[in-house]
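To keep things clear, I will list the structure first and then write my remarks on it.
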Number of protein chains: 2
Amino acid sequence: MVARYALSDAELDRLFRALADATRRDIVARVLGGEPASVSALASRYEMSFAAVQKHVAVLEEAGLVTKQPQGREKMVRGNPRQLARARALLVQLESLWTSRFSQLDAILAEPRPNKE
Amino acid sequence: MVARYALSDAELDRLFRALADATRRDIVARVLGGEPASVSALASRYEMSFAAVQKHVAVLEEAGLVTKQPQGREKMVRGNPRQLARARALLVQLESLWTSRFSQLDAILAEPRPNKE
DNA sequence: ATAACGTGCAACCATCTGGTTGTACGTTAC
DNA sequence: GTAACGTACAACCAGATGGTTGCACGTTAT
């Protein structure tokens, strides 16, 4: 069971786009590694306005990398490792194109020379 | 030997940004999976101008995902799986934050209940 | 030599992005 | 009830992005 959840092009765009910002990667790391944090608690950590952090969280949420759930007057942000795994799956898939290319070449040449890196 | 090649924030930005476009992901897949291809050969595959594809290749090259080398009057584009592996490494690293959080929690609770997914 | 090909680059354009400030509104604390 | 807090959202701005066309220039083919 390799969790073959194919994401659409648009979803992948959003996913990688969301990861293409240091602040957002930091937020993901924070909410994955620690307790879920409120948006304002996150905002206090960065040298930018609350609204800016709020936008970053929104981008992460749209990409499915975090979820928000209301708790009293705050919204707790928690990480979603599943979506991270999907991004990783795509990279592994791309890498496999490369490796399979070699195994194919090896098969054609039929020369059992152990290709040591 | 886990190839600990730490990329800077800016490099990671470029890397994930480059992957956040369907055309570029397709180009990467093409040059990783098949023969190296010239820029114009790539361009002929997409419904956009040559210059647009050229720009995409430039973005991929700046991100280190592909390399170009002159061959006669064309430039052959080939994939660089190493950089892809670096992107994957970061995702794995982020995911490990999540899992380590649980192992830590398990350690604190000291309740050996096998957490089956 | 000249034409055709492959590439690079600049200028231009519409849209998106990442930041700001300000305002509004529900929730909690006093 | 009122003040403070946490969030949402709109308007605005500078700069990046993704596309276009046009032109220049080196290489290959005829």
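For the structure tokens, the naming scheme is as follows: chains receive sequential letters (A, B, ...) according to their order of presentation, residues are indexed from 1 within each chain, and ligands are indexed from 1 in presentation order.
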Fit chain A to chain B, using all C-alpha atoms paired in sequence order for the least-squares superposition, and then show me the result as a compact mmCIF listing (two decimals) with C-alpha atoms, in the first residue's frame.
```txt
# COMPACT_ATOMS: atom_id res chain seq x y z
CA MET A 1 26.90 8.38 3.43
CA VAL A 2 23.65 10.21 3.13
CA ALA A 3 25.00 13.05 0.99
CA ARG A 4 24.36 15.83 3.53
CA TYR A 5 24.52 18.70 1.13
CA ALA A 6 22.67 21.46 2.89
CA LEU A 7 21.11 23.95 0.53
CA SER A 8 20.62 27.56 1.49
CA ASP A 9 17.16 29.05 1.85
CA ALA A 10 17.55 30.86 -1.45
CA GLU A 11 18.59 27.66 -3.21
CA LEU A 12 15.66 25.78 -1.77
CA ASP A 13 13.38 28.61 -2.82
CA ARG A 14 14.65 28.30 -6.39
CA LEU A 15 14.48 24.51 -6.30
CA PHE A 16 10.86 24.24 -5.16
CA ARG A 17 9.86 27.23 -7.23
CA ALA A 18 11.24 25.47 -10.30
CA LEU A 19 9.17 22.39 -9.50
CA ALA A 20 6.01 24.45 -9.06
CA ASP A 21 5.15 24.51 -12.76
CA ALA A 22 3.68 21.64 -14.76
CA THR A 23 5.64 22.42 -17.91
CA ARG A 24 8.89 22.46 -15.99
CA ARG A 25 8.08 19.22 -14.19
CA ASP A 26 7.37 17.70 -17.59
CA ILE A 27 10.67 18.90 -18.96
CA VAL A 28 12.49 17.42 -15.99
CA ALA A 29 10.68 14.13 -16.46
CA ARG A 30 11.54 14.14 -20.14
CA VAL A 31 15.25 14.78 -19.83
CA LEU A 32 15.58 12.46 -16.87
CA GLY A 33 13.74 9.60 -18.48
CA GLY A 34 15.00 9.85 -22.02
CA GLU A 35 17.93 11.10 -24.00
CA PRO A 36 19.21 14.61 -23.36
CA ALA A 37 17.27 16.93 -25.63
CA SER A 38 18.04 20.24 -27.28
CA VAL A 39 16.08 23.30 -26.19
CA SER A 40 14.30 23.53 -29.53
CA ALA A 41 13.46 19.82 -29.47
CA LEU A 42 11.87 20.40 -26.08
CA ALA A 43 10.13 23.53 -27.30
CA SER A 44 8.48 21.66 -30.16
CA ARG A 45 6.64 19.56 -27.59
CA TYR A 46 4.75 22.40 -25.95
CA GLU A 47 2.04 24.78 -27.03
CA MET A 48 4.05 27.88 -26.36
CA SER A 49 6.79 29.91 -27.97
CA PHE A 50 10.38 28.80 -28.11
CA ALA A 51 11.35 31.73 -25.90
CA ALA A 52 8.90 30.63 -23.21
CA VAL A 53 10.36 27.12 -23.11
CA GLN A 54 13.82 28.62 -23.13
CA LYS A 55 12.89 30.57 -20.01
CA HIS A 56 11.57 27.44 -18.33
CA VAL A 57 14.83 25.65 -19.05
CA ALA A 58 16.73 28.63 -17.64
CA VAL A 59 14.70 28.43 -14.43
CA LEU A 60 15.43 24.71 -14.17
CA GLU A 61 19.10 25.33 -14.80
CA GLU A 62 19.29 28.02 -12.12
CA ALA A 63 17.66 25.60 -9.71
CA GLY A 64 20.28 23.00 -10.62
CA LEU A 65 17.68 20.55 -11.86
CA VAL A 66 19.10 20.40 -15.36
CA THR A 67 22.38 21.25 -17.03
CA LYS A 68 23.00 22.53 -20.53
CA GLN A 69 26.03 21.76 -22.63
CA PRO A 70 26.74 23.03 -26.12
CA GLN A 71 26.86 20.49 -28.88
CA GLY A 72 27.37 22.10 -32.23
CA ARG A 73 24.80 24.80 -32.65
CA GLU A 74 22.43 23.34 -30.12
CA LYS A 75 22.54 23.02 -26.36
CA MET A 76 21.68 19.67 -24.94
CA VAL A 77 19.61 19.66 -21.77
CA ARG A 78 20.09 16.82 -19.36
CA GLY A 79 18.50 16.14 -16.00
CA ASN A 80 20.36 16.28 -12.71
CA PRO A 81 18.92 13.67 -10.36
CA ARG A 82 21.22 14.80 -7.55
CA GLN A 83 19.37 18.06 -7.10
CA LEU A 84 16.09 16.21 -7.16
CA ALA A 85 17.42 14.04 -4.35
CA ARG A 86 18.25 17.15 -2.35
CA ALA A 87 14.69 18.37 -2.63
CA ARG A 88 13.49 14.96 -1.54
CA ALA A 89 15.93 15.01 1.37
CA LEU A 90 14.34 18.19 2.69
CA LEU A 91 10.87 16.69 2.55
CA VAL A 92 12.07 13.58 4.35
CA GLN A 93 13.68 15.82 6.93
CA LEU A 94 10.41 17.68 7.48
CA GLU A 95 8.50 14.43 7.72
CA SER A 96 10.98 13.15 10.27
CA LEU A 97 10.01 16.06 12.52
CA TRP A 98 6.55 14.62 12.61
CA THR A 99 7.54 11.03 13.26
CA SER A 100 10.12 12.01 15.87
CA ARG A 101 7.43 13.98 17.62
CA PHE A 102 5.48 10.81 18.08
CA SER A 103 8.41 8.69 19.15
CA GLN A 104 9.14 11.38 21.72
CA LEU A 105 5.58 11.35 22.94
CA ASP A 106 5.64 7.60 23.14
CA ALA A 107 8.80 7.77 25.18
CA ILE A 108 7.25 10.22 27.61
CA LEU A 109 4.10 8.24 28.05
CA ALA A 110 6.10 5.03 28.22
CA GLU A 111 3.04 3.19 27.13
CA PRO A 112 4.09 0.50 24.69
CA ARG A 113 0.84 0.61 22.75
CA PRO A 114 1.78 -0.19 19.13
CA ASN A 115 0.35 2.76 17.26
CA LYS A 116 -0.99 1.03 14.17
CA GLU A 117 -1.97 3.42 11.32
```
Quick one: DSSP helix (DSSP H, G or I) residues in chain B, as a ChimeraX atom specification? /B:9-19,22-33,39-43,50-62,81-109
At most 12 Å is the cut-off: for each residue in chain C with any atom that close to an atom of chain A, write down the nearest atom pair and the distance in Å rounded to one decimal, counting only C-alpha atoms (C1' of nucleotides), chain first then increasing number, as a tab-separated table.
```
residue	atom	partner	partner_atom	distance
C:DC16	C1'	A:Arg17	CA	11.9
C:DT17	C1'	A:Lys55	CA	10.6
C:DG18	C1'	A:Ala52	CA	7.5
C:DG19	C1'	A:Ala52	CA	6.6
C:DT20	C1'	A:Ser49	CA	7.9
C:DT21	C1'	A:Ala51	CA	9.7
C:DG22	C1'	A:Ala51	CA	11.3
C:DC25	C1'	A:Arg73	CA	11.5
C:DG26	C1'	A:Arg73	CA	7.5
C:DT27	C1'	A:Arg73	CA	4.9
C:DT28	C1'	A:Arg73	CA	7.3
```
